[in-house]
$ cat query10.pdb   # PDB, C-alpha atoms
ATOM      1  CA  MET A   1     140.414 245.146 359.953  1.00  0.00           C
ATOM      2  CA  ALA A   2     140.491 242.818 362.957  1.00  0.00           C
ATOM      3  CA  VAL A   3     142.511 243.792 365.977  1.00  0.00           C
ATOM      4  CA  VAL A   4     144.984 241.128 367.014  1.00  0.00           C
ATOM      5  CA  ARG A   5     145.792 241.149 370.721  1.00  0.00           C
ATOM      6  CA  ALA A   6     149.031 239.866 372.111  1.00  0.00           C
ATOM      7  CA  LYS A   7     148.627 236.629 374.019  1.00  0.00           C
ATOM      8  CA  HIS A   8     149.898 238.157 377.269  1.00  0.00           C
ATOM      9  CA  ASP A   9     147.175 240.851 377.228  1.00  0.00           C
ATOM     10  CA  ARG A  10     144.637 238.285 378.433  1.00  0.00           C
ATOM     11  CA  SER A  11     147.063 235.938 380.069  1.00  0.00           C
ATOM     12  CA  GLU A  12     148.386 238.126 382.893  1.00  0.00           C
ATOM     13  CA  PRO A  13     144.988 238.954 384.481  1.00  0.00           C
ATOM     14  CA  VAL A  14     144.047 235.259 384.328  1.00  0.00           C
ATOM     15  CA  ARG A  15     147.346 234.274 385.947  1.00  0.00           C
ATOM     16  CA  GLU A  16     146.823 236.844 388.701  1.00  0.00           C
ATOM     17  CA  ALA A  17     143.240 235.656 389.314  1.00  0.00           C
ATOM     18  CA  ILE A  18     144.518 232.096 389.664  1.00  0.00           C
ATOM     19  CA  ARG A  19     147.302 233.172 392.040  1.00  0.00           C
ATOM     20  CA  LEU A  20     144.897 235.170 394.227  1.00  0.00           C
ATOM     21  CA  SER A  21     142.391 232.307 394.294  1.00  0.00           C
ATOM     22  CA  ALA A  22     145.111 229.835 395.232  1.00  0.00           C
ATOM     23  CA  THR A  23     146.408 232.098 397.999  1.00  0.00           C
ATOM     24  CA  LYS A  24     142.910 232.386 399.457  1.00  0.00           C
ATOM     25  CA  LEU A  25     142.210 228.650 399.294  1.00  0.00           C
ATOM     26  CA  PHE A  26     145.635 227.595 400.619  1.00  0.00           C
ATOM     27  CA  GLU A  27     145.137 229.924 403.594  1.00  0.00           C
ATOM     28  CA  GLU A  28     141.565 228.739 404.238  1.00  0.00           C
ATOM     29  CA  ASN A  29     141.913 225.001 403.604  1.00  0.00           C
ATOM     30  CA  GLY A  30     145.617 224.181 403.622  1.00  0.00           C
ATOM     31  CA  PHE A  31     147.716 222.721 400.851  1.00  0.00           C
ATOM     32  CA  GLU A  32     146.565 219.098 400.909  1.00  0.00           C
ATOM     33  CA  ALA A  33     142.850 219.949 401.005  1.00  0.00           C
ATOM     34  CA  THR A  34     143.082 222.379 398.096  1.00  0.00           C
ATOM     35  CA  GLY A  35     143.013 220.889 394.634  1.00  0.00           C
ATOM     36  CA  ILE A  36     143.679 222.304 391.193  1.00  0.00           C
ATOM     37  CA  ARG A  37     139.949 222.018 390.434  1.00  0.00           C
ATOM     38  CA  ASP A  38     139.104 224.020 393.569  1.00  0.00           C
ATOM     39  CA  ILE A  39     141.509 226.754 392.522  1.00  0.00           C
ATOM     40  CA  ALA A  40     140.170 226.744 388.961  1.00  0.00           C
ATOM     41  CA  ARG A  41     136.571 226.983 390.222  1.00  0.00           C
ATOM     42  CA  GLU A  42     137.465 229.902 392.504  1.00  0.00           C
ATOM     43  CA  ALA A  43     139.266 231.691 389.650  1.00  0.00           C
ATOM     44  CA  ALA A  44     136.479 230.827 387.163  1.00  0.00           C
ATOM     45  CA  VAL A  45     138.827 229.075 384.742  1.00  0.00           C
ATOM     46  CA  ASN A  46     139.344 225.571 383.429  1.00  0.00           C
ATOM     47  CA  PRO A  47     141.760 223.412 385.495  1.00  0.00           C
ATOM     48  CA  ALA A  48     143.920 223.016 382.379  1.00  0.00           C
ATOM     49  CA  ILE A  49     144.473 226.793 382.398  1.00  0.00           C
ATOM     50  CA  VAL A  50     145.794 226.586 385.969  1.00  0.00           C
ATOM     51  CA  LEU A  51     148.266 223.902 384.936  1.00  0.00           C
ATOM     52  CA  ARG A  52     149.240 225.782 381.782  1.00  0.00           C
ATOM     53  CA  HIS A  53     150.177 228.841 383.819  1.00  0.00           C
ATOM     54  CA  PHE A  54     151.845 227.140 386.792  1.00  0.00           C
ATOM     55  CA  GLY A  55     152.641 223.541 385.840  1.00  0.00           C
ATOM     56  CA  SER A  56     151.713 222.022 389.210  1.00  0.00           C
ATOM     57  CA  LYS A  57     150.044 222.769 392.511  1.00  0.00           C
ATOM     58  CA  GLU A  58     153.475 222.957 394.155  1.00  0.00           C
ATOM     59  CA  ASN A  59     154.657 225.610 391.671  1.00  0.00           C
ATOM     60  CA  LEU A  60     151.469 227.570 392.245  1.00  0.00           C
ATOM     61  CA  PHE A  61     152.014 227.381 395.992  1.00  0.00           C
ATOM     62  CA  LEU A  62     155.566 228.651 395.594  1.00  0.00           C
ATOM     63  CA  GLU A  63     154.221 231.533 393.537  1.00  0.00           C
ATOM     64  CA  THR A  64     151.859 232.428 396.383  1.00  0.00           C
ATOM     65  CA  MET A  65     154.788 232.279 398.825  1.00  0.00           C
ATOM     66  CA  ASP A  66     156.761 234.697 396.657  1.00  0.00           C
ATOM     67  CA  SER A  67     154.028 237.277 397.047  1.00  0.00           C
ATOM     68  CA  SER A  68     153.582 237.043 400.821  1.00  0.00           C
ATOM     69  CA  SER A  69     153.091 240.701 401.685  1.00  0.00           C
ATOM     70  CA  ALA A  70     152.867 239.965 405.424  1.00  0.00           C
ATOM     71  CA  MET A  71     156.348 238.421 405.509  1.00  0.00           C
ATOM     72  CA  ARG A  72     157.758 241.127 403.246  1.00  0.00           C
ATOM     73  CA  SER A  73     156.438 243.933 405.465  1.00  0.00           C
ATOM     74  CA  ILE A  74     157.879 242.266 408.579  1.00  0.00           C
ATOM     75  CA  ILE A  75     161.298 241.696 406.993  1.00  0.00           C
ATOM     76  CA  GLU A  76     161.382 245.258 405.647  1.00  0.00           C
ATOM     77  CA  GLY A  77     160.232 246.700 408.990  1.00  0.00           C
ATOM     78  CA  PRO A  78     162.393 247.680 411.963  1.00  0.00           C
ATOM     79  CA  LEU A  79     165.213 245.274 412.816  1.00  0.00           C
ATOM     80  CA  GLU A  80     164.506 245.573 416.536  1.00  0.00           C
ATOM     81  CA  GLY A  81     162.073 242.802 417.470  1.00  0.00           C
ATOM     82  CA  LEU A  82     162.262 241.230 414.002  1.00  0.00           C
ATOM     83  CA  GLY A  83     162.847 237.710 415.343  1.00  0.00           C
ATOM     84  CA  ALA A  84     159.689 237.692 417.463  1.00  0.00           C
ATOM     85  CA  ARG A  85     157.584 239.257 414.688  1.00  0.00           C
ATOM     86  CA  VAL A  86     158.669 236.643 412.133  1.00  0.00           C
ATOM     87  CA  VAL A  87     158.045 233.772 414.544  1.00  0.00           C
ATOM     88  CA  GLY A  88     154.724 235.396 415.491  1.00  0.00           C
ATOM     89  CA  LEU A  89     153.683 235.319 411.847  1.00  0.00           C
ATOM     90  CA  ILE A  90     154.737 231.702 411.286  1.00  0.00           C
ATOM     91  CA  VAL A  91     153.777 229.956 414.518  1.00  0.00           C
ATOM     92  CA  PRO A  92     150.032 230.703 414.838  1.00  0.00           C
ATOM     93  CA  GLY A  93     149.405 228.807 411.588  1.00  0.00           C
ATOM     94  CA  ARG A  94     151.521 225.883 412.717  1.00  0.00           C
ATOM     95  CA  GLN A  95     148.819 223.237 412.485  1.00  0.00           C
ATOM     96  CA  LYS A  96     147.144 224.382 409.274  1.00  0.00           C
ATOM     97  CA  GLY A  97     149.380 226.569 407.180  1.00  0.00           C
ATOM     98  CA  LEU A  98     152.658 224.764 407.734  1.00  0.00           C
ATOM     99  CA  GLU A  99     151.376 221.617 406.043  1.00  0.00           C
ATOM    100  CA  ILE A 100     152.033 223.564 402.853  1.00  0.00           C
ATOM    101  CA  LEU A 101     155.720 223.703 403.679  1.00  0.00           C
ATOM    102  CA  GLY A 102     155.686 219.990 404.448  1.00  0.00           C
ATOM    103  CA  ALA A 103     154.152 219.187 401.076  1.00  0.00           C
ATOM    104  CA  THR A 104     156.621 221.466 399.355  1.00  0.00           C
ATOM    105  CA  VAL A 105     159.584 219.921 401.160  1.00  0.00           C
ATOM    106  CA  ARG A 106     158.360 216.446 400.222  1.00  0.00           C
ATOM    107  CA  ALA A 107     158.042 217.628 396.619  1.00  0.00           C
ATOM    108  CA  SER A 108     161.535 219.108 396.725  1.00  0.00           C
ATOM    109  CA  SER A 109     163.034 215.960 395.249  1.00  0.00           C
ATOM    110  CA  LYS A 110     161.948 217.519 391.964  1.00  0.00           C
ATOM    111  CA  PRO A 111     164.767 219.852 390.842  1.00  0.00           C
ATOM    112  CA  ASP A 112     162.439 222.620 389.608  1.00  0.00           C
ATOM    113  CA  ILE A 113     160.511 222.691 392.901  1.00  0.00           C
ATOM    114  CA  ARG A 114     163.754 222.685 394.907  1.00  0.00           C
ATOM    115  CA  ARG A 115     165.114 225.552 392.783  1.00  0.00           C
ATOM    116  CA  ARG A 116     161.906 227.603 393.172  1.00  0.00           C
ATOM    117  CA  LEU A 117     161.818 226.983 396.918  1.00  0.00           C
ATOM    118  CA  HIS A 118     165.426 228.175 397.206  1.00  0.00           C
ATOM    119  CA  GLU A 119     164.670 231.252 395.067  1.00  0.00           C
ATOM    120  CA  SER A 120     161.595 232.057 397.139  1.00  0.00           C
ATOM    121  CA  ILE A 121     163.480 231.809 400.429  1.00  0.00           C
ATOM    122  CA  ALA A 122     166.342 233.883 399.064  1.00  0.00           C
ATOM    123  CA  ALA A 123     164.000 236.574 397.727  1.00  0.00           C
ATOM    124  CA  SER A 124     161.724 236.794 400.750  1.00  0.00           C
ATOM    125  CA  LEU A 125     164.140 236.298 403.645  1.00  0.00           C
ATOM    126  CA  ILE A 126     167.824 236.335 402.795  1.00  0.00           C
ATOM    127  CA  GLU A 127     168.257 239.113 400.225  1.00  0.00           C
ATOM    128  CA  PRO A 128     166.212 241.732 402.116  1.00  0.00           C
ATOM    129  CA  LEU A 129     168.249 241.085 405.279  1.00  0.00           C
ATOM    130  CA  ILE A 130     171.768 241.026 403.831  1.00  0.00           C
ATOM    131  CA  ASP A 131     172.104 244.789 403.402  1.00  0.00           C
ATOM    132  CA  ARG A 132     170.252 245.583 406.610  1.00  0.00           C
ATOM    133  CA  ILE A 133     172.336 243.538 409.027  1.00  0.00           C
ATOM    134  CA  ASP A 134     175.093 245.843 410.225  1.00  0.00           C
ATOM    135  CA  ALA A 135     177.876 243.314 410.719  1.00  0.00           C
ATOM    136  CA  PRO A 136     180.891 242.184 408.677  1.00  0.00           C
ATOM    137  CA  ASP A 137     179.301 238.742 408.450  1.00  0.00           C
ATOM    138  CA  GLY A 138     175.839 240.079 407.562  1.00  0.00           C
ATOM    139  CA  GLU A 139     175.376 237.750 404.613  1.00  0.00           C
ATOM    140  CA  LEU A 140     176.162 234.702 406.749  1.00  0.00           C
ATOM    141  CA  ARG A 141     173.768 235.945 409.439  1.00  0.00           C
ATOM    142  CA  ALA A 142     170.974 236.397 406.863  1.00  0.00           C
ATOM    143  CA  HIS A 143     171.462 232.846 405.579  1.00  0.00           C
ATOM    144  CA  LEU A 144     171.516 231.468 409.137  1.00  0.00           C
ATOM    145  CA  PHE A 145     168.353 233.440 409.971  1.00  0.00           C
ATOM    146  CA  ALA A 146     166.525 231.740 407.091  1.00  0.00           C
ATOM    147  CA  ALA A 147     167.969 228.326 407.963  1.00  0.00           C
ATOM    148  CA  GLN A 148     166.964 228.626 411.600  1.00  0.00           C
ATOM    149  CA  LEU A 149     163.439 229.794 410.723  1.00  0.00           C
ATOM    150  CA  LEU A 150     163.065 226.906 408.283  1.00  0.00           C
ATOM    151  CA  GLY A 151     164.197 224.551 411.032  1.00  0.00           C
ATOM    152  CA  LEU A 152     161.280 225.635 413.215  1.00  0.00           C
ATOM    153  CA  MET A 153     158.852 225.399 410.304  1.00  0.00           C
ATOM    154  CA  THR A 154     160.152 221.935 409.471  1.00  0.00           C
ATOM    155  CA  ALA A 155     159.656 220.799 413.075  1.00  0.00           C
ATOM    156  CA  PHE A 156     155.984 221.730 412.740  1.00  0.00           C
ATOM    157  CA  ALA A 157     155.365 220.699 409.154  1.00  0.00           C
ATOM    158  CA  VAL A 158     157.486 217.643 408.492  1.00  0.00           C
ATOM    159  CA  TYR A 159     158.310 216.079 411.842  1.00  0.00           C
ATOM    160  CA  ASP A 160     154.862 216.781 413.316  1.00  0.00           C
ATOM    161  CA  ASP A 161     156.377 217.449 416.749  1.00  0.00           C
ATOM    162  CA  GLU A 162     153.274 217.183 418.948  1.00  0.00           C
ATOM    163  CA  TYR A 163     154.933 218.894 421.891  1.00  0.00           C
ATOM    164  CA  LEU A 164     155.707 221.962 419.761  1.00  0.00           C
ATOM    165  CA  LEU A 165     152.280 221.852 418.122  1.00  0.00           C
ATOM    166  CA  GLU A 166     150.659 222.177 421.551  1.00  0.00           C
ATOM    167  CA  ALA A 167     153.224 224.395 423.295  1.00  0.00           C
ATOM    168  CA  PRO A 168     152.097 227.909 424.314  1.00  0.00           C
ATOM    169  CA  LEU A 169     152.554 230.425 421.492  1.00  0.00           C
ATOM    170  CA  ASP A 170     154.060 233.076 423.759  1.00  0.00           C
ATOM    171  CA  GLY A 171     156.867 230.764 424.861  1.00  0.00           C
ATOM    172  CA  ILE A 172     157.783 229.732 421.323  1.00  0.00           C
ATOM    173  CA  ILE A 173     157.659 233.309 420.054  1.00  0.00           C
ATOM    174  CA  ALA A 174     159.810 234.622 422.921  1.00  0.00           C
ATOM    175  CA  LEU A 175     162.459 231.898 422.924  1.00  0.00           C
ATOM    176  CA  TYR A 176     162.780 231.303 419.208  1.00  0.00           C
ATOM    177  CA  GLY A 177     162.338 234.980 418.427  1.00  0.00           C
ATOM    178  CA  ASP A 178     165.267 235.818 420.715  1.00  0.00           C
ATOM    179  CA  SER A 179     167.516 233.296 418.982  1.00  0.00           C
ATOM    180  CA  LEU A 180     166.624 234.725 415.561  1.00  0.00           C
ATOM    181  CA  GLN A 181     167.076 238.255 416.874  1.00  0.00           C
ATOM    182  CA  ALA A 182     170.625 237.446 417.980  1.00  0.00           C
ATOM    183  CA  LEU A 183     171.492 236.722 414.351  1.00  0.00           C
ATOM    184  CA  VAL A 184     170.073 240.044 413.170  1.00  0.00           C
ATOM    185  CA  THR A 185     171.189 242.488 415.849  1.00  0.00           C
ATOM    186  CA  GLY A 186     173.517 240.494 418.079  1.00  0.00           C
ATOM    187  CA  ASN A 187     171.226 240.879 421.108  1.00  0.00           C
TER     188      ASN A 187
END

$ encode --input "query10.pdb" --output "structure tokens"
Amino acid sequence: MAVVRAKHDRSEPVREAIRLSATKLFEENGFEATGIRDIAREAAVNPAIVLRHFGSKENLFLETMDSSSAMRSIIEGPLEGLGARVVGLIVPGRQKGLEILGATVRASSKPDIRRRLHESIAASLIEPLIDRIDAPDGELRAHLFAAQLLGLMTAFAVYDDEYLLEAPLDGIIALYGDSLQALVTGN
């Protein structure tokens, strides 16, 4: 008697291999320079399999954002100094990594991409902070924290602000980190 395997038995490891390959390539090459075929080659699958699992490169990118362990560990870490640590994670990749955000924002005219981007931001930034901010308006502060951080990322990724792209990292981290910190701890 033949053994029939459920479709998801093989599907989940393939999906994870694709996600890991995409994460690696997006980090190394940026969003624009990484194609579906590149990701498929890295994951040793057919490009059609990548699209079957994720639908588009933008969706796959959003999936890699959802699993950002670096951001998660910073957000879940101590509240003191959180603003500077978050900015310190985002800013060094300002010329390469933030192009991904720019491409995603440009693709956000598509309702499914916009919804996934909102869900990703809520899951990675807002929800973990809501319960940790010790203030009556903690939920508002968490939403403003995410909005302010996205504002900085947008300045790098979408508006291509050359002054900010070339400004000293320490200055950006200190000044912007302090403004984010005020939302989290009030100081």

$ residues_around --input "query10.pdb" --residues "stretch 74-78 of chain A" --least-positions-apart "5" --cutoff "7 Å" --atoms "all atoms listed in the file" --output "PyMOL selection string"
chain A and resi 85-86+125+128

$ closest_residue --input "query10.pdb" --among "A:Val45, A:Ala146, A:Ile90, A:Leu140" --to "A:Leu169" --atoms "only C-alpha atoms"
A:Ile90

$ closest_residue --input "query10.pdb" --among "A:Val87, A:Ala122, A:Arg41, A:His143" --to "A:Ile173" --atoms "all atoms listed in the file"
A:Val87

$ resolve_selection --input "query10.pdb" --expression "the PyMOL selection byres ((chain A and resi 148) around 12)" --output "ChimeraX atom specification"
/A:83,86-87,125-126,141-147,149-155,176-184

$ residues_near_point --input "query10.pdb" --point "(137.4, 237.0, 392.0)" --cutoff "12 Å" --atoms "only C-alpha atoms" --output "number ranges by chain"
A: 13-24, 39-45

$ atom_distance --input "query10.pdb" --atom1 "atom CA of A:Asn59" --atom2 "atom CA of A:Phe26"
12.9 Å

$ atom_distance --input "query10.pdb" --atom1 "atom CA of A:Ile49" --atom2 "atom CA of A:Gly35"
13.7 Å

$ atom_distance --input "query10.pdb" --atom1 "atom CA of A:Leu79" --atom2 "atom CA of A:Pro136"
16.5 Å

$ axis_aligned_box --input "query10.pdb" --around "stretch 18-28 of chain A" --padding-each-side "8 Å" --output "AutoDock Vina command-line options"
--center_x 144.4 --center_y 231.4 --center_z 397.0 --size_x 21.7 --size_y 23.6 --size_z 30.6

$ closest_residue --input "query10.pdb" --among "A:Ala84, A:Val91, A:Met71, A:Leu164" --to "A:Ser120" --atoms "all atoms listed in the file"
A:Met71

$ closest_residue --input "query10.pdb" --among "A:Glu58, A:Ser11, A:Leu117, A:Pro47" --to "A:Phe31" --atoms "only C-alpha atoms"
A:Glu58

$ build_atoms --input "query10.pdb" --residues "stretch 11-32 of chain A" --atoms "N, CA and C atoms" --output "PDB file, in the frame of the given file"
ATOM      1  N   SER A  11     146.438 236.952 379.237  1.00  0.00           N
ATOM      2  CA  SER A  11     147.063 235.938 380.069  1.00  0.00           C
ATOM      3  C   SER A  11     147.413 236.438 381.471  1.00  0.00           C
ATOM      4  N   GLU A  12     147.930 237.639 381.591  1.00  0.00           N
ATOM      5  CA  GLU A  12     148.386 238.126 382.893  1.00  0.00           C
ATOM      6  C   GLU A  12     147.238 238.299 383.890  1.00  0.00           C
ATOM      7  N   PRO A  13     146.100 238.877 383.518  1.00  0.00           N
ATOM      8  CA  PRO A  13     144.988 238.954 384.481  1.00  0.00           C
ATOM      9  C   PRO A  13     144.475 237.571 384.906  1.00  0.00           C
ATOM     10  N   VAL A  14     144.479 236.623 383.991  1.00  0.00           N
ATOM     11  CA  VAL A  14     144.047 235.259 384.328  1.00  0.00           C
ATOM     12  C   VAL A  14     145.031 234.651 385.319  1.00  0.00           C
ATOM     13  N   ARG A  15     146.308 234.804 385.052  1.00  0.00           N
ATOM     14  CA  ARG A  15     147.346 234.274 385.947  1.00  0.00           C
ATOM     15  C   ARG A  15     147.206 234.876 387.344  1.00  0.00           C
ATOM     16  N   GLU A  16     146.971 236.171 387.412  1.00  0.00           N
ATOM     17  CA  GLU A  16     146.823 236.844 388.701  1.00  0.00           C
ATOM     18  C   GLU A  16     145.566 236.365 389.426  1.00  0.00           C
ATOM     19  N   ALA A  17     144.476 236.169 388.703  1.00  0.00           N
ATOM     20  CA  ALA A  17     143.240 235.656 389.314  1.00  0.00           C
ATOM     21  C   ALA A  17     143.467 234.263 389.895  1.00  0.00           C
ATOM     22  N   ILE A  18     144.203 233.447 389.178  1.00  0.00           N
ATOM     23  CA  ILE A  18     144.518 232.096 389.664  1.00  0.00           C
ATOM     24  C   ILE A  18     145.384 232.181 390.919  1.00  0.00           C
ATOM     25  N   ARG A  19     146.402 233.029 390.890  1.00  0.00           N
ATOM     26  CA  ARG A  19     147.302 233.172 392.040  1.00  0.00           C
ATOM     27  C   ARG A  19     146.544 233.658 393.273  1.00  0.00           C
ATOM     28  N   LEU A  20     145.678 234.648 393.101  1.00  0.00           N
ATOM     29  CA  LEU A  20     144.897 235.170 394.227  1.00  0.00           C
ATOM     30  C   LEU A  20     143.932 234.118 394.771  1.00  0.00           C
ATOM     31  N   SER A  21     143.303 233.379 393.874  1.00  0.00           N
ATOM     32  CA  SER A  21     142.391 232.307 394.294  1.00  0.00           C
ATOM     33  C   SER A  21     143.142 231.229 395.060  1.00  0.00           C
ATOM     34  N   ALA A  22     144.304 230.859 394.562  1.00  0.00           N
ATOM     35  CA  ALA A  22     145.111 229.835 395.232  1.00  0.00           C
ATOM     36  C   ALA A  22     145.548 230.314 396.610  1.00  0.00           C
ATOM     37  N   THR A  23     145.991 231.548 396.708  1.00  0.00           N
ATOM     38  CA  THR A  23     146.408 232.098 397.999  1.00  0.00           C
ATOM     39  C   THR A  23     145.268 232.002 399.003  1.00  0.00           C
ATOM     40  N   LYS A  24     144.091 232.426 398.587  1.00  0.00           N
ATOM     41  CA  LYS A  24     142.910 232.386 399.457  1.00  0.00           C
ATOM     42  C   LYS A  24     142.607 230.958 399.906  1.00  0.00           C
ATOM     43  N   LEU A  25     142.569 230.031 398.962  1.00  0.00           N
ATOM     44  CA  LEU A  25     142.210 228.650 399.294  1.00  0.00           C
ATOM     45  C   LEU A  25     143.287 227.949 400.118  1.00  0.00           C
ATOM     46  N   PHE A  26     144.568 228.192 399.814  1.00  0.00           N
ATOM     47  CA  PHE A  26     145.635 227.595 400.619  1.00  0.00           C
ATOM     48  C   PHE A  26     145.535 228.085 402.064  1.00  0.00           C
ATOM     49  N   GLU A  27     145.252 229.374 402.245  1.00  0.00           N
ATOM     50  CA  GLU A  27     145.137 229.924 403.594  1.00  0.00           C
ATOM     51  C   GLU A  27     143.923 229.359 404.323  1.00  0.00           C
ATOM     52  N   GLU A  28     142.800 229.219 403.612  1.00  0.00           N
ATOM     53  CA  GLU A  28     141.565 228.739 404.238  1.00  0.00           C
ATOM     54  C   GLU A  28     141.577 227.239 404.508  1.00  0.00           C
ATOM     55  N   ASN A  29     142.070 226.457 403.551  1.00  0.00           N
ATOM     56  CA  ASN A  29     141.913 225.001 403.604  1.00  0.00           C
ATOM     57  C   ASN A  29     143.209 224.230 403.776  1.00  0.00           C
ATOM     58  N   GLY A  30     144.341 224.884 403.597  1.00  0.00           N
ATOM     59  CA  GLY A  30     145.617 224.181 403.622  1.00  0.00           C
ATOM     60  C   GLY A  30     145.967 223.631 402.254  1.00  0.00           C
ATOM     61  N   PHE A  31     147.194 223.188 402.137  1.00  0.00           N
ATOM     62  CA  PHE A  31     147.716 222.721 400.851  1.00  0.00           C
ATOM     63  C   PHE A  31     147.068 221.417 400.403  1.00  0.00           C
ATOM     64  N   GLU A  32     147.061 220.424 401.287  1.00  0.00           N
ATOM     65  CA  GLU A  32     146.565 219.098 400.909  1.00  0.00           C
ATOM     66  C   GLU A  32     145.091 219.121 400.538  1.00  0.00           C
TER      67      GLU A  32
END
